[in-house]
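**Student:** One structure coming up, written as structure tokens, with questions to follow.
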Amino acid sequence: MKWSLWVFLGAAVALLALPLSLSEFWLFIAIEVLAFSLYAVSFNVLLGYGGMLSFGHAAFFGVGGYAAALLVKKAGLSAGLAFALLPLVAMAVAAAFALVIGFFSVRRSGIYFAMLTFAFQMLLYTIALKATPLTGGDDGITGLKPPGVLAQPLVYYYFALAVVSAALYVLYRLVSSPFGYTLRALRSNARRVQYVGVDVRAHQLAAFVVTGAFAGLAGAVFALSSGNVFPGWLNWTASATPVVMAVLGGMHTFLGPALGAAVYVVLEVLISGRTEYWPLAMGVIIVLLVLVMPTGLTGLLRR
Amino acid sequence: MSEPILRVESLVRRFGGLQALGGVDLSVERGEFRAIIGPNGAGKSTFFNTMTGLLRPDSGRVCFEGREVTGEPPHLLARKGIGRTFQITSVFSELSALENVQVALLAHARRAWSMWRRARSLYVQRARELLALVGLGASMERPAGILAHGDQKRLELAIALAGEPRLLLLDEPTAGMAAQERIESITLVHRVARELGVSCVFTEHDMAVVFAVATRITVMHQGRVLAEGTPAEVRARPEVQQVYLGESA
């Protein structure tokens with residue numbers, strides 16, 4: 001596949017060179033695209049590869065964001081140390097939450113699995129809203145800032161690019177690994193896969209925890225760029241975002257959801273700058289998309 | 001005397017008020033090719049699903065190679081050496097035939113949790129061998145879902161064999177096939193099982209298929225074992241003729 005290598009190199013060069021020509025406003029948007037790319041791809045490893053439709057993936061994005069915020073603002077560490085620990089802490093905390101939520105949720109499949117993840121997420125949303133001393137309640141946690149030179153948007157962009165690229169590479173290896181093959185087999189036929197000796201629940205739980213951890217990392221990367229976290233990050237509407245991104249970009253390619261994230265975020269900026277009816281426009285786009293190209297943008301490109 | 005590979009003692013399973021299995025006993029020796037026959041509703045499929053961990057028995061015991069495995073979940077039974085195929089063909093439709101077998105080989109090698117190695121090149125040789133063994137040489141790269149019904153059945157056999165089972169349980173291995181195809185199909189299973197030294201238990205409707213390959217036959221009726229013996233013995237039993245063979249004669 002020669003052309004895919006060229007596409008990859010082209011994308012790499014664009015991602016490295018592009019920010020040099022962007023205004024500060026668009027730099028922040030670019031960072032948002034990176035964070036949501038990771039969020040959407042991590043979600044799609046569950047959905048597109050594992051066939052698990054989680055309505056609660058925002059829980060881990062939000063938990064990662066709050067973990068980052070609390071580490072920076074309230075842990076009492078030096079700014080540099082807090083920041084250095086941030087990716088690991090965000091992933092570990094999100095993974096811990098995913099382990100508990102997943103433990104109960106993978107006991108059911110299909111719509112019941114979706115409802116359980118949804119319910120747990122709303123639980124966390126309520127906690128974020130009400131546990132004011134810890135989470136700042138309705139006001140969230142604001143005034144977050146990366147230390148030193150990283151506070152410059154351009155530098156932070158490259159930091160985010162490095163973190164997200166590394167994370168995407170790990171996820172790519174995951175879906176290409178025996179674990180990923182087994183995950184695809186599980187989506188295809190969960191009963192059959194039991195009879196080749198796979199513990200289906202344990203496998204699903206592992207996928208849930210790993211993808212939850214990377215969603216947490218995405219949340220942390222975004223939190224430090226946007227400067228704040230709000231309970232809304234944990235709201236159920238936030239769980240719809242990666243679904244839309246995955247469908248928009250294409251569920252059946254690894255990077256499709258990342259492309260979907262880029263298109264979604266940029267469209268949101270462009271349309272919401274012109275009209276307050278941005279959700280209406282997005283709704284129309286989604287309807288057209290699903291009807292006209294159910295395989296998403298990447299499906300269109302492959303044809 | 002050697003331990004039977006499979007011993008089932010008074011297995012009972014109820015669905016609400018209906019007793020689907022009313023205390024089934026079964027003993028299968030190593031190397032057997034055992035047929036379980038019986039009219040529709042005799043409890044054959046329930047018996048299979050209760051033995052293989054899909055349903056929990058209400059009482060009774062299942063022992064594999066002398067160790068009790070009653071009620072154990074499917075993945076543990078598979079790891080112990082019990083393979084199975086399904087009445088409605090059950091493969092991984094979106095995966096290629098080769099990947100189907102690779103997944104089974106990876107699970108058997110306890111590598112399903114390996115998260116870093118690239119799976120594409122793992123166990124390719126062994127997977128090709130297994131596919132060739134069941135006669136699926138040419139169509140290995142195509143998605144399993146578009147294979148012909150008979151080829152999917154072959155693939156399912158290859159998946160089951162990838163786990164190196166010592167006992168293979170086949171639920172209606174010839175379901176949905178034309179008469180000629182059925183004999184070919186069961187002969188293939190029979191030949192491969194012989195070659196690999198796998199003991200088999202299968203349920204079947206078609207008497208021609210049963211008498212072509214079975215070493216012994218167990219007849220089920222209304223959730224119980226009605227008769228058991230060699231094909232000749234079973235054929236001679238009047239009560240068997242009455243409830244089952246009589247119907248098709």
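Identifiers for the structure tokens are assigned positionally: chains receive A, B, ... in sequence, residues are indexed from 1 per chain, and ligands are indexed from 1 in the order shown.
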Hey, what's within 12 Å of Ile36 (chain B) if we count only C-alpha atoms and toss same-chain stuff fewer than 3 positions away? As a VMD selection string, please?

**Tutor:** chain B and resid 24 26 to 28 33 39 42 to 45 47 to 48 169 to 173 200 to 207 209 to 211 214 to 221 224 to 231 234

**Student:** Show me, as a ChimeraX atom specification, the residues that have an atom within 8 Å of region 256-258 of chain A when counting only C-alpha atoms, minus same-chain residues fewer than 6 positions from it.

**Tutor:** /A:36-38,40-41,44,242,245-250,296-298

**Student:** Can I get the selection written as a CSV table (one decimal), in the first residue's frame, with N, CA and C atoms?

**Tutor:**
```
chain,number,residue,atom,x,y,z
A,36,PHE,N,-9.6,15.6,20.8
A,36,PHE,CA,-10.8,14.9,20.5
A,36,PHE,C,-10.5,13.7,19.5
A,37,SER,N,-9.5,13.8,18.7
A,37,SER,CA,-9.1,12.7,17.9
A,37,SER,C,-8.8,11.5,18.7
A,38,LEU,N,-8.0,11.7,19.8
A,38,LEU,CA,-7.7,10.6,20.7
A,38,LEU,C,-8.9,10.1,21.4
A,40,ALA,N,-12.0,10.2,20.3
A,40,ALA,CA,-12.9,9.5,19.3
A,40,ALA,C,-12.3,8.2,18.9
A,41,VAL,N,-11.0,8.1,18.7
A,41,VAL,CA,-10.4,6.8,18.3
A,41,VAL,C,-10.5,5.8,19.5
A,44,ASN,N,-13.8,4.5,19.5
A,44,ASN,CA,-14.1,3.6,18.4
A,44,ASN,C,-13.4,2.3,18.5
A,242,PRO,N,-18.2,11.6,20.7
A,242,PRO,CA,-17.4,10.6,20.0
A,242,PRO,C,-18.2,9.7,19.0
A,245,MET,N,-18.5,11.7,15.9
A,245,MET,CA,-17.2,11.7,15.3
A,245,MET,C,-16.8,10.4,14.6
A,246,ALA,N,-17.1,9.3,15.3
A,246,ALA,CA,-16.8,8.0,14.7
A,246,ALA,C,-17.6,7.7,13.5
A,247,VAL,N,-18.9,8.1,13.6
A,247,VAL,CA,-19.7,7.8,12.4
A,247,VAL,C,-19.4,8.7,11.3
A,248,LEU,N,-19.1,10.0,11.6
A,248,LEU,CA,-18.7,11.0,10.6
A,248,LEU,C,-17.4,10.6,9.9
A,249,GLY,N,-16.4,10.1,10.6
A,249,GLY,CA,-15.2,9.8,10.0
A,249,GLY,C,-15.2,8.4,9.4
A,250,GLY,N,-15.9,7.5,10.0
A,250,GLY,CA,-15.9,6.1,9.5
A,250,GLY,C,-15.5,5.2,10.6
A,296,GLY,N,-19.0,6.7,6.4
A,296,GLY,CA,-18.2,7.9,6.8
A,296,GLY,C,-17.3,8.4,5.8
A,297,LEU,N,-16.5,9.4,6.2
A,297,LEU,CA,-15.6,10.1,5.2
A,297,LEU,C,-14.5,9.1,4.7
A,298,THR,N,-14.0,8.3,5.6
A,298,THR,CA,-12.9,7.4,5.1
A,298,THR,C,-13.5,6.4,4.2
```

**Student:** Region 103-113 of chain B: which residues within 9 Å, counting only C-alpha atoms, same-chain residues fewer than 6 positions away excluded, as a list of chain:residue names?

**Tutor:**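 Skipping anything fewer than 6 positions along the chain leaves A:Ser177, A:Pro178, A:Phe179, A:Gly180, A:Tyr181, A:Thr182, A:Leu183, A:Ala185, A:Val193, A:Tyr195, A:Val196, A:Gly197, A:Val198, A:His203, A:Ala206, B:Ala78, B:Arg79, B:Ala119, B:Leu122, B:Tyr123, B:Arg126, B:Ala127, B:Ile159, B:Ala160, B:Leu161, B:Ala162, B:Gly163, B:Glu164.
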
**Student:** Excluding Lys73 (chain A) and residues on its chain fewer than 3 positions from it, collect all residues at most 10 Å away from it, counting only C-alpha atoms, and give them as a PyMOL selection string.

**Tutor:** chain A and resi 67-70+76-79+82+141-145

**Student:** Provide the CA of Gly223 (chain B) to CA of Leu168 (chain B) distance in Å, to one decimal place.

**Tutor:** 21.8 Å

**Student:** Of the candidates B:Leu77, B:Ala178, B:Ala97, B:Ile5, which shows the shortest atom-to-atom distance to Gly145 (chain B), using only C-alpha atoms?

**Tutor:**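 Closest residue, counting only C-alpha atoms: B:Ala97.
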
**Student:** My list of candidates is A:Val265, A:Leu71, A:Val287, A:Val200. Which is closest to chain B when distances are computed with only C-alpha atoms?

**Tutor:**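 Closest to chain B, using only C-alpha atoms: A:Val200.
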
**Student:** Can you list, as a VMD selection string, every residue of region 160-238 of chain B that DSSP puts in strand (DSSP E or B)?

**Tutor:** chain B and resid 167 to 170 199 to 203 216 to 221 224 to 229

**Student:** Do you know which residues are at most 10 Å from Glu94 (chain B) counting only C-alpha atoms, after dropping those on the same chain fewer than 2 positions away, and could you put them as an NGL selection string?

**Tutor:** (:A and (184-185 or 187-189)) or (:B and (91-92 or 96-97 or 99-100 or 142-146))

**Student:** Kindly export the residues of the current selection with C-alpha atoms, as a PDB file, in the first residue's frame.

**Tutor:**
```
ATOM      1  CA  ARG A 184     -12.944  -8.198  16.398  1.00  0.00           C
ATOM      2  CA  ALA A 185     -13.855 -11.864  16.641  1.00  0.00           C
ATOM      3  CA  ARG A 187     -17.825  -8.374  17.974  1.00  0.00           C
ATOM      4  CA  SER A 188     -18.479 -10.773  15.132  1.00  0.00           C
ATOM      5  CA  ASN A 189     -19.607 -13.704  17.259  1.00  0.00           C
TER       6      ASN A 189
ATOM      7  CA  VAL B  91     -17.962 -18.424  12.404  1.00  0.00           C
ATOM      8  CA  PHE B  92     -16.522 -14.900  12.566  1.00  0.00           C
ATOM      9  CA  SER B  96     -11.155 -13.768   6.738  1.00  0.00           C
ATOM     10  CA  ALA B  97     -11.129 -17.558   6.920  1.00  0.00           C
ATOM     11  CA  GLU B  99      -8.078 -14.888  10.612  1.00  0.00           C
ATOM     12  CA  ASN B 100     -10.898 -17.074  11.926  1.00  0.00           C
ATOM     13  CA  ARG B 142     -12.067 -13.815   1.826  1.00  0.00           C
ATOM     14  CA  PRO B 143     -14.419 -12.776   4.618  1.00  0.00           C
ATOM     15  CA  ALA B 144     -15.892 -15.907   6.131  1.00  0.00           C
ATOM     16  CA  GLY B 145     -19.400 -14.493   5.846  1.00  0.00           C
ATOM     17  CA  ILE B 146     -19.430 -14.732   2.057  1.00  0.00           C
TER      18      ILE B 146
END
```

**Student:** Would you please work out which residue, of B:Glu72, B:Glu141, B:Glu32, B:Asp151, is nearest to chain A when using only C-alpha atoms?

**Tutor:**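 Counting only C-alpha atoms, the residue closest to chain A is B:Glu72.
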
**Student:** Write out as a PDB file with C-alpha atoms, in the first residue's frame which residues come within 8 Å of Phe118 (chain A) when counting only C-alpha atoms, dropping same-chain ones fewer than 6 positions away.

**Tutor:**
```
ATOM      1  CA  SER A  54     -20.783   2.787  25.280  1.00  0.00           C
ATOM      2  CA  PHE A  55     -23.006   5.755  26.093  1.00  0.00           C
ATOM      3  CA  GLY A  56     -20.694   6.697  28.897  1.00  0.00           C
ATOM      4  CA  TRP A 236     -24.439  12.483  28.528  1.00  0.00           C
TER       5      TRP A 236
END
```

**Student:** Please provide as number ranges by chain all residues within 12 Å of region 51-54 of chain B, with the sequence filter that same-chain residues fewer than 4 positions apart are discarded (counting only C-alpha atoms).

**Tutor:** A: 191-192, 194-195; B: 6-13, 21, 24-26, 44-47, 58-64, 68-78, 80-86, 167-171, 201

**Student:** Choose the residue, out of B:Ala35, B:Leu196, B:Leu147, B:Leu157, that has the smallest atom-to-atom separation from chain A; count only C-alpha atoms.

**Tutor:**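 Using only C-alpha atoms, chain A sits closest to B:Leu157.
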
**Student:** Measuring atom to atom with only C-alpha atoms, identify which of A:Ser176, A:Asn235, A:Gln204, A:Thr135 is nearest to chain B.

**Tutor:**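 The answer is A:Ser176, which sits nearest to chain B.
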
**Student:** Which of these, B:Ala208, B:Met140, B:Leu98, B:Ala236, has the shortest distance to chain A once you count only C-alpha atoms?

**Tutor:**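 Of the candidates, the smallest distance to chain A is held by B:Leu98.
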
**Student:** So which residues of region 60-110 of chain B fall under helix (DSSP H, G or I) by DSSP, listed as a count of residues only?

**Tutor:** 19

**Student:** What does the distance between CA of Leu224 (chain A) and CA of Thr237 (chain A) come to in Å, to one decimal place?

**Tutor:** 21.4 Å
